[in-house]
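S.K.: Handing you a structure now.
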Amino acid sequence: MAAPSQQKVNTRALCDAPLIESSGVWSKEARMMASARAQASGLPQRRDEYWKYTRPDAFVHADVTLQASQRSSLGLFDQRATISVAFEDGQIQAAALPSAAHCTLESLSSASGLDLHWARDIYGHLEAAGQKPVQRSLAAVNTAVAREGLLVNVTGAVAAPIHIQATSSGQSDSTIHHVIKVAPGAEVTVIETGQYGARSNIVLEVDVADGGRFQHIRVQDGNERHMLTHIFGKIGAEAVFKTFTLTAGGQLTRNECVLQLLGDDASVSVAGACLGDGDFHHDDTVFITHDAVNCESRQVFKKVLRNGAVGVFQGKILVKAGAQKTDGYQISQSLLLDDDSQFLAKPELEIYADDVACSHGSTSGAIDVQALFYLRSRGVPEAKAIDLLTLSFVAEAIEEIEDSDLAQDILDHLTNTMSAQ
Amino acid sequence: MAMDDIQVKDGVDAETVEAVKALSGTYKYGWNTEIEMDYAPKGLSEDIVRLISSKNDEPEWMLGWRLAAYRRWLELKEPDWAMVDYPTIDFQDQYYYARPKSMEKKPKSLDEVDPKLLETYKKLGIPLKEQALLAGVEAPEGERRVAVDAVFDSVSVGTTFQTELRKAGVIFCSISEAIREHPELVRKYLGSVVPVSDNYYATLNSAVFSDGSFVYIPPGVRCPMELSTYFRINAENTGQFERTLIIADKESYVSYLEGCTAPQRDVAQLHAAVVELVLLDDAEIKYSTVQNWFPGDENGKGGIYNFVTKRADCRGDRSKVMWTQVETGSAVTWKYPSCVLRGDDSQGEFYSIAIANNMQQADTGTKMVHLGKNTKSRIVSKGISAGKAQNTYRGLVSMHPKAKSSRNYTQCDSLLIGNKCGAHTVPYIEVKNNSSRVEHEATTSKVDDDQLFYCRSRGMDEEEAVALVVNGFCKEVLQALPMEFAMEAQALVAISLEGSVG
């Protein structure tokens with residue numbers, strides 16, 4: 001078992017002097033280019049419009065000391081048959097990764113030494129494509145320096161979900177880069193739970209070929225930990241891409257999702273629910289590009305915030321000229337359980353095609369007093385009534401999960417988390 | 001690009017397409033007035049600022065204010081965040097002051113004004129005569145009188161009905177006159193809503209504004225007629241920088257109209273105005289604009305760059321401001337009429353129709369800053385793009401922690417006519433307390449459920465009901481326009497948002 005890495009990733013220094021030499025042969029070029037991108041764009045600044053509501057400092061500074069903590073999502077999905085992959089302090093733990101029909105699983109660290117690898121065409125490429133129109137330099141830094149990650153090549157319908165369980169106990173920084181390739185007509189579900197490090201920078205690149213189906217369910221917990229994640233997705237014709245994230249814990253979370261619909265008749269869904277209590281800053285930043293005909297995209301985000309928690313949503317649908325018959329839907333809503341919490345949103349549309357339907361809605365407010373009164377008048381205690389109304393508020397986001405068993409697990413977990421609070 | 005070439009997708013109302021076509025046909029106001037002008041030397045410097053100040057016979061404090069603004073402007077950077085694209089403006093290649101020669105000696109009354117100037121306004125359809133009143137003839141039923149301040153390039157040509165307004169205690173004059181005659185009011189309020197260093201164009205305006213309108217409505221007075229300013233840019237290579245300051249004292253009311261046109265020229269011209277509204281307790285201002293600056297030709301040549309800062313400060317409790325704008329002109333528009341809802345129970349409303357055609361670019365919207373308790377705001381914005389135009393709604397709704405129990409409702413829809421244009425929405429929503437409710441909607445399928453239910457219960461099918469409710473919203477903007485804009489409104493009334501994209 002590898003010793004927990006206590007080394008701080010000094011992002012600023014990495015940008016100045018990239019350490020590419022020891023990295024794998026097939027990924028070297030991508031790493032060099034990513035390093036050049038990061039150096040050219042520089043690290044995010046507080047005044048950057050793209051970081052308007054979240055301060056990037058905590059992800060950039062070298063001298064942040066955080067402590068990873070006990071996972072609250074431990075045991076979640078245990079009753080389901082899954083293909084389990086464990087990360088401990090940013091390292092894949094199993095000497096031999098599990099094998100399953102219709103897919104291969106490898107660790108980035110062990111694959112790095114190879115001359116050629118299928119991931120070569122994806123690693124860093126989807127991230128690079130996601131650097132326009134705004135630069136996501138921390139994702140480029142990740143591509144340049146990541147040592148570990150899971151490489152999954154899906155060639156058919158994988159029966160059980162792949163479950164990545166990350167645990168961390170120290171104060172380490174983790175830079176993880178996953179690559180998933182879904183072949184034409186292939187299907188896979190990937191679950192990610194827990195925390196990779198006290199501070200993590202996670203990139204997930206997913207290439208879904210024509211007719212492929214990819215489902216992603218993520219549960220983020222923890223106390224102090226800071227987490228920056230990027231999903232870069234490339235979606236082919238008639239393919240389906242769905243991602244859902246539940247965040248219940250952690251001081252600072254920024255989840256970015258950058259998807260490109262490149263084939264006709266594809267469909268994507270990006271959803272999230274968060275329960276924020278106290279020292280909690282949660283940012284969902286989504287950018288969906290429609291570059292094909294008759295595609296559908298959905299963004300559904302629900303934030304429940306209390307005791308000074310801050311929820312941020314920056315979502316954008318870009319419909320390129322020619323992407324006719326696009327159906328874009330975007331909803332971001334917050335439920336503020338007290339007066340100290342904040343919801344900051346920027347739901348954007350940029351449309352260059354005339355035969356499309358794009359809608360975006362955003363609301364913010366307190367719990368509905370009439371609904372509360374109704375439940376109280378039926379004998380439901382106030383705390384329970386608030387929990388019930390909260391659950392019904394986040395339900396729309398959970399409904400985006402395709403697999404009903406997994407959705408039920410999430411719902412149960414949410415109920416338990418709320419009663420624990 | 002001619003509108004006839006455009007393929008319109010199914011579902012877009014044919015009448016709407018016709019209405020947009022008609023609007024963007026030949027620009028009606030593109031002629032120019034041959035008149036002898038006095039220009040300040042080209043370019044911008046402290047000397048030019050001093051010259052403008054001295055031309056207006058300004059007191060020393062005003063010059064100091066302008067110079068401070070000019071020095072600040074030199075340190076500022078031109079903003080680049082708007083979704084508009086235009087060649088770099090050479091601020092030294094402009095005239096900052098242009099005055100008809102005949103205005104050198106300020107005419108004592110409209111009778112002394114150069115007939116050519118009067119003719120210009122007559123041709124534009126702006127009533128600069130007070131005959132009806134002077135002859136003692138009752139105005140015909142239904143015809144309302146409007147007092148007009150006419151601004152021609154850098155100077156105010158004249159203001160009508162001043163005497164009658166004065167009887168009511170209302171001050172309505174050019175800002176240059178107000179600086180001379182009512183310095184105490186101007187000093188107190190000028191720059192108090194839009195500070196000198198607010199933004200690049202507002203700072204430029206603070207340094208070089210030449211004229212504009214000033215209105216003061218005393219406590220308890222309901223302004224006896226509608227007030228109006230008509231801006232005309234005539235001279236070539238000349239920027240127009242007007243400044244408007246309206247103060248509505250306690251329990252007063254005024255409805256103010258603003259119109260603007262310019263001749264058709266090949267070279268783009270700059271217009272950077274600042275409008276400040278101050279509302280004390282229980283005051284109400286209704287501010288309506290039909291912006292019809294020359295939009296440039298169909299290839300994007302010429303036109304006005306319209307960079308305007310408009311803001312209302314609802315300082316008093318229960319004060320209310322309503323911005324209504326119809327934006328059909330300008331090559332580039334950068335304009336966000338805003339409301340600072342400082343007083344408790346104050347209200348801000350913003351109704352806008354922005355139509356961009358050919359190569360026009362519009363980036364417009366509003367800011368609703370809720371600071372007081374129980375404040376309410378409502379935003380209804382309709383953007384229509386045709387040809388190769390780009391139309392952006394950009395807005396901010398901000399609920400501060402102390403703005404308890406406040407409410408915002410935003411509805412913004414876009415319609416694209418043809419597949420070479422763009423429609424964009426960039427709303428910012430910042431909620432910092434939980435007793436306030438903010439709703440942002442931008443879709444035909446998200447219309448108010450109650451209204452929808454009502455229509456459905458009366459036997460309409462869903463689609464019909466949605467169309468009715470949405471079109472109702474569009475009409476709502478037009479109905480908010482005062483009578484005087486009835487002509488413009490009529491041209492727009494055929495517009496529906498059926499087939500809107502979001």
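In the structure tokens, the first chain shown is A, the next is B, and so on; residue numbers restart at 1 for each chain, and ligands run from 1 in the order shown.
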Using only C-alpha atoms, I'd like a table of the residues in chain B that come within 8 Å of chain A; for each, show the closest atom pair and its distance in Å rounded to one decimal, ordered by chain and ascending number, as a Markdown table.

M.R.:
| residue | atom | partner | partner_atom | distance |
| --- | --- | --- | --- | --- |
| B:Lys9 | CA | A:Asp355 | CA | 6.2 |
| B:Pro401 | CA | A:Asp339 | CA | 7.4 |
| B:Leu415 | CA | A:Asp354 | CA | 7.8 |
| B:Leu416 | CA | A:Asp354 | CA | 5.2 |
| B:Ile417 | CA | A:Asp354 | CA | 6.7 |
| B:Gly418 | CA | A:Asp354 | CA | 6.1 |
| B:Asn419 | CA | A:Asp354 | CA | 5.2 |
| B:Lys420 | CA | A:Tyr352 | CA | 6.9 |
| B:Cys421 | CA | A:Tyr352 | CA | 6.0 |
| B:Gly422 | CA | A:Tyr352 | CA | 4.4 |
| B:Ala423 | CA | A:Ile351 | CA | 5.2 |
| B:His424 | CA | A:Glu350 | CA | 4.3 |
| B:Thr425 | CA | A:Leu349 | CA | 4.9 |
| B:Val426 | CA | A:Glu348 | CA | 4.8 |
| B:Pro427 | CA | A:Lys346 | CA | 5.6 |
| B:Tyr428 | CA | A:Lys346 | CA | 4.6 |
| B:Ile429 | CA | A:Ala345 | CA | 4.9 |
| B:Glu430 | CA | A:Leu344 | CA | 4.4 |
| B:Val431 | CA | A:Phe343 | CA | 5.1 |
| B:Lys432 | CA | A:Gln342 | CA | 4.5 |
| B:Asn433 | CA | A:Asp339 | CA | 4.6 |
| B:Asn434 | CA | A:Asp339 | CA | 4.8 |
| B:Ser435 | CA | A:Ala366 | CA | 5.9 |
| B:Ser436 | CA | A:Gly365 | CA | 5.8 |
| B:Arg437 | CA | A:Gly365 | CA | 4.7 |
| B:Val438 | CA | A:Ser364 | CA | 5.2 |
| B:Glu439 | CA | A:Thr363 | CA | 4.4 |
| B:His440 | CA | A:Ser362 | CA | 5.0 |
| B:Glu441 | CA | A:Gly361 | CA | 4.6 |
| B:Ala442 | CA | A:Ser359 | CA | 5.6 |
| B:Thr443 | CA | A:Ser359 | CA | 4.8 |
| B:Thr444 | CA | A:Ser359 | CA | 7.9 |
| B:Ser500 | CA | A:Ala357 | CA | 7.3 |
| B:Val501 | CA | A:Ala357 | CA | 4.5 |
| B:Gly502 | CA | A:Cys358 | CA | 4.5 |

S.K.: Convert the current residue selection to file output with C-alpha atoms, as a PDB file, in the first residue's frame.

M.R.:
ATOM      1  CA  LYS B   9     -39.347  28.882 -39.688  1.00  0.00           C
ATOM      2  CA  PRO B 401     -29.539  40.871   2.920  1.00  0.00           C
ATOM      3  CA  LEU B 415     -37.465  35.628 -31.234  1.00  0.00           C
ATOM      4  CA  LEU B 416     -35.206  34.903 -34.173  1.00  0.00           C
ATOM      5  CA  ILE B 417     -36.363  35.722 -37.679  1.00  0.00           C
ATOM      6  CA  GLY B 418     -34.056  33.895 -40.056  1.00  0.00           C
ATOM      7  CA  ASN B 419     -31.066  31.671 -39.350  1.00  0.00           C
ATOM      8  CA  LYS B 420     -28.227  34.180 -39.580  1.00  0.00           C
ATOM      9  CA  CYS B 421     -28.985  36.194 -36.464  1.00  0.00           C
ATOM     10  CA  GLY B 422     -28.449  35.543 -32.785  1.00  0.00           C
ATOM     11  CA  ALA B 423     -30.392  35.945 -29.555  1.00  0.00           C
ATOM     12  CA  HIS B 424     -28.702  35.754 -26.197  1.00  0.00           C
ATOM     13  CA  THR B 425     -29.685  35.993 -22.569  1.00  0.00           C
ATOM     14  CA  VAL B 426     -27.294  36.808 -19.751  1.00  0.00           C
ATOM     15  CA  PRO B 427     -29.180  37.266 -16.493  1.00  0.00           C
ATOM     16  CA  TYR B 428     -27.433  37.602 -13.153  1.00  0.00           C
ATOM     17  CA  ILE B 429     -29.443  36.640 -10.095  1.00  0.00           C
ATOM     18  CA  GLU B 430     -28.103  37.309  -6.604  1.00  0.00           C
ATOM     19  CA  VAL B 431     -30.279  36.464  -3.636  1.00  0.00           C
ATOM     20  CA  LYS B 432     -28.959  37.165  -0.162  1.00  0.00           C
ATOM     21  CA  ASN B 433     -31.982  36.717   2.059  1.00  0.00           C
ATOM     22  CA  ASN B 434     -34.668  34.077   2.216  1.00  0.00           C
ATOM     23  CA  SER B 435     -37.839  36.099   2.646  1.00  0.00           C
ATOM     24  CA  SER B 436     -37.525  37.430  -0.895  1.00  0.00           C
ATOM     25  CA  ARG B 437     -38.726  35.632  -3.954  1.00  0.00           C
ATOM     26  CA  VAL B 438     -37.021  35.813  -7.289  1.00  0.00           C
ATOM     27  CA  GLU B 439     -38.379  34.250 -10.414  1.00  0.00           C
ATOM     28  CA  HIS B 440     -36.733  34.281 -13.774  1.00  0.00           C
ATOM     29  CA  GLU B 441     -38.545  32.760 -16.669  1.00  0.00           C
ATOM     30  CA  ALA B 442     -37.778  32.736 -20.306  1.00  0.00           C
ATOM     31  CA  THR B 443     -39.949  30.341 -22.129  1.00  0.00           C
ATOM     32  CA  THR B 444     -43.346  29.937 -23.683  1.00  0.00           C
ATOM     33  CA  SER B 500     -39.808  32.321 -29.593  1.00  0.00           C
ATOM     34  CA  VAL B 501     -36.717  30.345 -28.737  1.00  0.00           C
ATOM     35  CA  GLY B 502     -36.215  31.114 -25.101  1.00  0.00           C
TER      36      GLY B 502
END

S.K.: Report the residues of region 175-374 of chain A whose backbone DSSP state falls under strand (DSSP E or B), written as JSON, numbers by chain.

M.R.: {"A": [175, 176, 177, 178, 179, 180, 181, 182, 187, 188, 189, 190, 191, 192, 193, 194, 199, 200, 201, 202, 203, 204, 205, 206, 207, 208, 213, 214, 215, 216, 217, 218, 219, 220, 226, 227, 228, 229, 230, 231, 232, 233, 234, 235, 240, 241, 242, 243, 244, 245, 246, 247, 252, 253, 254, 255, 256, 257, 258, 259, 260, 261, 267, 268, 269, 270, 271, 272, 273, 274, 275, 276, 277, 281, 282, 283, 284, 285, 286, 287, 288, 289, 290, 296, 297, 298, 299, 300, 301, 302, 303, 304, 305, 306, 310, 311, 312, 313, 314, 315, 316, 317, 318, 319, 327, 328, 329, 330, 331, 332, 333, 334, 335, 336, 342, 343, 344, 345, 346, 347, 348, 349, 350, 351, 357, 358, 359, 360, 361, 362, 363, 364, 365]}

S.K.: Grab the residues selected above and save them as a compact mmCIF listing (two decimals), in the first residue's frame with C-alpha atoms.

M.R.:
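Once everything was written out, this is again.txt:
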# COMPACT_ATOMS: atom_id res chain seq x y z
CA THR A 175 -4.93 15.36 -8.96
CA ILE A 176 -6.93 12.67 -10.70
CA HIS A 177 -7.66 12.26 -14.39
CA HIS A 178 -10.21 9.66 -15.55
CA VAL A 179 -10.82 8.75 -19.18
CA ILE A 180 -13.86 6.81 -20.32
CA LYS A 181 -14.44 5.68 -23.87
CA VAL A 182 -17.85 4.34 -24.80
CA GLU A 187 -23.44 1.24 -22.29
CA VAL A 188 -21.98 1.94 -18.88
CA THR A 189 -22.87 3.49 -15.55
CA VAL A 190 -20.13 5.02 -13.42
CA ILE A 191 -20.63 5.90 -9.78
CA GLU A 192 -18.17 8.10 -7.90
CA THR A 193 -18.40 8.50 -4.15
CA GLY A 194 -16.28 10.11 -1.48
CA ARG A 199 -8.03 19.16 -1.80
CA SER A 200 -8.74 17.55 -5.14
CA ASN A 201 -8.60 18.52 -8.76
CA ILE A 202 -10.54 15.91 -10.73
CA VAL A 203 -10.97 15.70 -14.48
CA LEU A 204 -13.25 13.20 -16.17
CA GLU A 205 -13.11 12.94 -19.95
CA VAL A 206 -15.90 10.94 -21.56
CA ASP A 207 -16.15 10.14 -25.23
CA VAL A 208 -19.54 8.64 -26.05
CA ARG A 213 -25.07 5.44 -23.34
CA PHE A 214 -23.21 6.86 -20.40
CA GLN A 215 -24.61 7.43 -16.96
CA HIS A 216 -22.68 9.07 -14.14
CA ILE A 217 -23.78 9.37 -10.53
CA ARG A 218 -21.61 11.17 -8.05
CA VAL A 219 -21.91 11.68 -4.31
CA GLN A 220 -19.67 14.28 -2.72
CA HIS A 226 -12.09 21.43 -1.25
CA MET A 227 -12.97 19.89 -4.56
CA LEU A 228 -12.73 21.13 -8.12
CA THR A 229 -14.11 18.81 -10.76
CA HIS A 230 -14.38 19.05 -14.52
CA ILE A 231 -16.35 16.75 -16.77
CA PHE A 232 -15.54 17.07 -20.47
CA GLY A 233 -17.92 15.13 -22.66
CA LYS A 234 -18.10 14.55 -26.38
CA ILE A 235 -21.40 13.08 -27.44
CA VAL A 240 -27.19 9.50 -24.29
CA PHE A 241 -25.14 11.18 -21.57
CA LYS A 242 -26.44 11.69 -18.05
CA THR A 243 -24.67 12.97 -15.00
CA PHE A 244 -26.07 13.61 -11.53
CA THR A 245 -24.23 14.91 -8.49
CA LEU A 246 -25.36 14.99 -4.90
CA THR A 247 -23.28 17.21 -2.65
CA LEU A 252 -15.81 24.30 -1.16
CA THR A 253 -17.00 22.51 -4.28
CA ARG A 254 -16.89 23.63 -7.86
CA ASN A 255 -18.32 21.18 -10.39
CA GLU A 256 -17.81 22.13 -14.00
CA CYS A 257 -19.39 20.24 -16.82
CA VAL A 258 -18.53 20.98 -20.43
CA LEU A 259 -20.44 18.98 -23.01
CA GLN A 260 -20.41 19.05 -26.77
CA LEU A 261 -23.24 17.54 -28.74
CA SER A 267 -29.49 13.73 -25.54
CA VAL A 268 -27.73 14.93 -22.39
CA SER A 269 -28.76 15.67 -18.85
CA VAL A 270 -26.69 17.42 -16.22
CA ALA A 271 -28.34 17.48 -12.81
CA GLY A 272 -27.37 18.22 -9.27
CA ALA A 273 -28.76 18.55 -5.80
CA CYS A 274 -26.93 19.97 -2.85
CA LEU A 275 -27.62 20.30 0.85
CA GLY A 276 -25.51 23.08 2.23
CA ASP A 277 -25.18 23.83 5.91
CA HIS A 281 -19.81 27.04 -0.91
CA HIS A 282 -21.10 25.07 -3.85
CA ASP A 283 -20.72 26.08 -7.47
CA ASP A 284 -22.17 24.33 -10.52
CA THR A 285 -20.79 25.68 -13.77
CA VAL A 286 -22.20 24.07 -16.91
CA PHE A 287 -21.53 24.77 -20.55
CA ILE A 288 -23.46 22.82 -23.17
CA THR A 289 -22.73 23.31 -26.86
CA HIS A 290 -25.29 22.17 -29.38
CA GLU A 296 -31.89 17.62 -26.34
CA SER A 297 -30.12 18.97 -23.29
CA ARG A 298 -31.36 19.34 -19.75
CA GLN A 299 -29.83 21.11 -16.77
CA VAL A 300 -31.63 20.64 -13.48
CA PHE A 301 -30.09 22.05 -10.32
CA LYS A 302 -31.61 22.27 -6.85
CA LYS A 303 -29.83 23.84 -3.92
CA VAL A 304 -30.97 23.71 -0.32
CA LEU A 305 -29.01 26.16 1.77
CA ARG A 306 -28.90 27.07 5.45
CA VAL A 310 -23.75 29.74 -0.57
CA GLY A 311 -25.04 28.14 -3.75
CA VAL A 312 -23.82 29.20 -7.20
CA PHE A 313 -25.11 28.21 -10.59
CA GLN A 314 -23.56 29.33 -13.87
CA GLY A 315 -25.17 27.53 -16.75
CA LYS A 316 -24.97 28.15 -20.42
CA ILE A 317 -26.57 26.69 -23.50
CA LEU A 318 -24.82 27.59 -26.73
CA VAL A 319 -26.75 26.71 -29.87
CA ASP A 327 -34.46 21.45 -27.27
CA GLY A 328 -32.63 23.07 -24.39
CA TYR A 329 -33.95 23.16 -20.85
CA GLN A 330 -32.30 24.71 -17.87
CA ILE A 331 -33.67 25.17 -14.38
CA SER A 332 -31.80 26.33 -11.30
CA GLN A 333 -33.62 26.75 -8.04
CA SER A 334 -32.65 27.42 -4.50
CA LEU A 335 -34.47 26.87 -1.27
CA LEU A 336 -33.08 29.20 1.38
CA GLN A 342 -27.20 33.04 -0.55
CA PHE A 343 -28.02 31.93 -4.06
CA LEU A 344 -26.12 33.43 -6.97
CA ALA A 345 -27.03 32.45 -10.48
CA LYS A 346 -26.20 33.26 -14.05
CA PRO A 347 -28.34 31.14 -16.36
CA GLU A 348 -27.24 32.04 -19.89
CA LEU A 349 -28.43 31.34 -23.41
CA GLU A 350 -26.54 32.03 -26.61
CA ILE A 351 -28.53 31.09 -29.68
CA ALA A 357 -36.72 25.86 -28.15
CA CYS A 358 -34.57 26.88 -25.23
CA SER A 359 -35.95 27.73 -21.87
CA HIS A 360 -34.26 28.69 -18.70
CA GLY A 361 -35.81 29.32 -15.37
CA SER A 362 -34.39 30.27 -12.04
CA THR A 363 -36.12 30.84 -8.75
CA SER A 364 -35.09 31.47 -5.21
CA GLY A 365 -37.09 31.71 -2.05

S.K.: Near Cys103 (chain A), within 10 Å and counting only C-alpha atoms, which residues show up once chain neighbours fewer than 3 positions away are dropped, as number ranges by chain?

M.R.: A: 99-100, 152-158, 181-183, 186-188

S.K.: Between CA of Ala111 (chain A) and CA of Met33 (chain A), what is the spacing in Å?

M.R.: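 Between CA of Met33 (chain A) and CA of Ala111 (chain A) the gap is 19.6 Å.
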
S.K.: Using only C-alpha atoms, what does the table of region 273-354 of chain B residues within 9 Å of region 79-102 of chain B look like, with each row giving the shortest atom pair and its distance in Å to one decimal, sorted by chain and ascending number, as a tab-separated table?

M.R.:
residue	atom	partner	partner_atom	distance
B:Tyr305	CA	B:Tyr86	CA	8.9
B:Val332	CA	B:Val84	CA	7.0
B:Thr333	CA	B:Val84	CA	8.2
B:Trp334	CA	B:Ala82	CA	7.5

S.K.: Atoms to include: C-alpha atoms. Write the selected residues as a short mmCIF file (atom, residue, chain, number, x, y, z; two decimals), in the first residue's frame.

M.R.:
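Listed below is the output, again.cif:
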data_model
loop_
_atom_site.label_atom_id
_atom_site.label_comp_id
_atom_site.auth_asym_id
_atom_site.auth_seq_id
_atom_site.Cartn_x
_atom_site.Cartn_y
_atom_site.Cartn_z
CA TYR B 305 -23.00 53.77 -31.27
CA VAL B 332 -24.62 49.27 -31.49
CA THR B 333 -26.66 49.58 -28.31
CA TRP B 334 -25.19 49.26 -24.83
#

S.K.: Just the residues within 12 Å of Glu75 (chain B), please, counting only C-alpha atoms, with nothing from its chain fewer than 6 positions along; format it as a list in words.

M.R.: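 Once the nearby chain positions are removed, what remains is Ala68, Ala69, Ser197, Asn199, Tyr200, Thr203 and Leu204 of chain B.
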
S.K.: Based on the selection just made, write C-alpha atoms of those residues as a short mmCIF file (atom, residue, chain, number, x, y, z; two decimals), in the first residue's frame.

M.R.:
data_model
loop_
_atom_site.label_atom_id
_atom_site.label_comp_id
_atom_site.auth_asym_id
_atom_site.auth_seq_id
_atom_site.Cartn_x
_atom_site.Cartn_y
_atom_site.Cartn_z
CA ALA B 68 -12.12 65.65 -12.33
CA ALA B 69 -14.26 63.39 -14.51
CA SER B 197 -16.50 57.25 -12.08
CA ASN B 199 -18.26 53.47 -15.96
CA TYR B 200 -16.18 54.47 -18.96
CA THR B 203 -17.29 59.27 -16.97
CA LEU B 204 -16.73 60.52 -20.50
#
